[in-house]
Amino acid sequence: MRIGIEQRRARLARRHRLAVKAATVEEATAGLLALHATDPATVHLSAAARVDGPDVAELERALYEDRTLVRILGMRRTMFVLDTDTAAVVQAACSGDVARTERRKLVQHLETVGHPENVPEAGEWLAEVEEATLKALSARGSALAQQLSEDEPRLKQQLHMAKGKPYAAIGNVTSRVLGQLAVDGRIVRGRPRGSWISQQYHWSTLEDWLPGGLRKWDADAARAELARRWLYAFGPAPLADLRWWTGWTMGQTKKALALVEPVEVDLDGTTGLMLADDLEPLPDPGPWIALLPALDPTPMGWVEREWYLGAHKAALFDRFGNVGPTVWCDGRIVGGWAQRQDGEIATRLLEDAGAAAKAAIEAEADRLAGWLGDVRFIPRFRTPLEKELAR
């Protein structure tokens, strides 16, 4: 069965809520499985591009009041915002592997690059500090990292990273220990300190934040479930895309797919995978445009991107594979955008999108500028076109 580019674009437009808007941020998030949250601005901008009548307060309601969405470290050791049901799947399918790797690295660093002295029996030391930190956090209910390091002074233990290198740095283990507790599923990031673009968060124990915690999954079953959800949201796609997106080994990927039993299809000469009960074509949603932020989950959803990116990679991605702000038209990237210091949203088309689309893009840029108001932000990972437009 052949699936052409136009059908892939129709699925992207509908299921990623770009042509047909979602009623709630929970609905928009579920359509993508997860919102990239490495850069706090991305979470809000990605949601705003997909929700009918977007509002910062609506996302904050879901994150901090109703707590139907939660931040966790998941696929590829990357921060995401997910609904709590998907977060439970990701915790078992991806975060557990990340946690084990991060723990080994932290113990090794404590034993080898401790400052002013290394930490003997670092594994036991770390376990003791974690339990003391959890006790302090539970007593406070919610706390910033600095407050926890005051309660548990061992969090001020230092590491001398890259010793002897020009970029050597000495820093406390506070963020490393809190990050470890988070990826283990024991604590969670709550409200930011300051505005919605802040990168400092209040912490809470998972049980305090989500009474009952997250549903427990068997790792193999969770990987199969995540593969199934990803194929619905991002399929049809090659196996390599799923493996990259999840960060799994080839063995884990194949084992998960064996449980899902997808159907192989022809993606113009490349073998793709689709769910066996999802083969019916979706109708063309009609013309649409979108201005998506840096690290948005749609352009970051596949590793093979030519079918929607074309020849624009050099302008819109950094050398580490992070996407900058993009302009979309009918399922393909046609340009980029940036916020200037005066708040203007500057756009540049890298291919001809037609007069009607150009006018719609200009109107969307004006709408976005008005939506942001006085808020100014700079993407965490800057790309060539974004830096040029932001001047």
# chains A, B, ... in the order shown; residues from 1 in each chain; ligands from 1
$ closest_atom_pairs --of "segment 295-355 of chain A" --to "segment 67-87 of chain A" --cutoff "12 Å" --atoms "only C-alpha atoms" --output "Markdown table"
| residue | atom | partner | partner_atom | distance |
| --- | --- | --- | --- | --- |
| A:Leu295 | CA | A:Phe80 | CA | 10.8 |
| A:Asp296 | CA | A:Phe80 | CA | 10.8 |
| A:Pro297 | CA | A:Phe80 | CA | 9.6 |
| A:Met300 | CA | A:Thr78 | CA | 11.8 |
| A:Gly301 | CA | A:Met75 | CA | 11.4 |
| A:Asn322 | CA | A:Thr78 | CA | 11.9 |
$ closest_residue --among "A:Ala311, A:Glu128, A:Ile333, A:Tyr64" --to "His202 of chain A" --atoms "only C-alpha atoms"
A:Tyr64
$ atom_distance --atom1 "atom CA of His312 of chain A" --atom2 "atom CA of Leu389 of chain A"
15.4 Å
$ residues_around --residues "Arg191 of chain A" --least-positions-apart "4" --cutoff "12 Å" --atoms "only C-alpha atoms" --output "list in words"
Pro40, Leu59, Glu60, Arg61, Ala62, Leu63, Tyr64, Glu65, Arg67, Val70, Arg71, Ser142, Ala143, Leu144, Ser195, Trp196, Ile197, Ser198, Gln199, Gln200, Tyr201, His202, Trp203, Ser204 and Trp209 of chain A
$ select_by_dssp --residues "segment 23-193 of chain A" --states "strand (DSSP E)" --output "number ranges by chain"
A: 35-36, 69-73, 79-83, 114-115, 158-161, 169-172, 187-192
$ closest_residue --among "A:Arg2, A:Arg223, A:Lys387, A:Arg14" --to "Pro283 of chain A" --atoms "only C-alpha atoms"
A:Arg14
$ closest_residue --among "A:Thr42, A:Pro236, A:Val51, A:Ala357" --to "Gly324 of chain A" --atoms "only C-alpha atoms"
A:Thr42
$ closest_atom_pairs --of "segment 142-247 of chain A" --to "segment 258-272 of chain A" --cutoff "12 Å" --atoms "only C-alpha atoms" --output "tab-separated table"
residue	atom	partner	partner_atom	distance
A:Asp220	CA	A:Leu259	CA	9.0
A:Ala221	CA	A:Leu259	CA	8.3
A:Ala222	CA	A:Leu259	CA	10.7
A:Arg223	CA	A:Leu259	CA	9.3
A:Ala224	CA	A:Val260	CA	6.0
A:Glu225	CA	A:Val260	CA	7.8
A:Leu226	CA	A:Val260	CA	9.8
A:Ala227	CA	A:Val260	CA	7.5
A:Arg228	CA	A:Val260	CA	6.3
A:Arg229	CA	A:Val260	CA	10.1
A:Trp230	CA	A:Val260	CA	11.2
A:Leu231	CA	A:Pro262	CA	8.6
A:Tyr232	CA	A:Pro262	CA	10.6
A:Phe234	CA	A:Gly272	CA	11.1
A:Gly235	CA	A:Gly272	CA	8.0
A:Pro236	CA	A:Gly272	CA	5.7
A:Ala237	CA	A:Gly272	CA	4.6
A:Pro238	CA	A:Gly272	CA	4.2
A:Leu239	CA	A:Gly272	CA	6.9
A:Ala240	CA	A:Gly272	CA	9.4
A:Asp241	CA	A:Gly272	CA	9.5
A:Leu242	CA	A:Gly272	CA	10.5
$ atom_distance --atom1 "atom CA of Trp245 of chain A" --atom2 "atom CA of Cys94 of chain A"
10.5 Å
$ atom_distance --atom1 "atom CA of Val375 of chain A" --atom2 "atom CA of Asp39 of chain A"
14.6 Å
$ residues_around --residues "His109 of chain A" --least-positions-apart "2" --cutoff "12 Å" --atoms "only C-alpha atoms" --output "number ranges by chain"
A: 102-107, 111-115, 117-123, 126, 157-163, 171-173, 176
$ closest_residue --among "A:Phe381, A:Trp248, A:Phe317, A:Trp302" --to "Val90 of chain A" --atoms "only C-alpha atoms"
A:Trp248
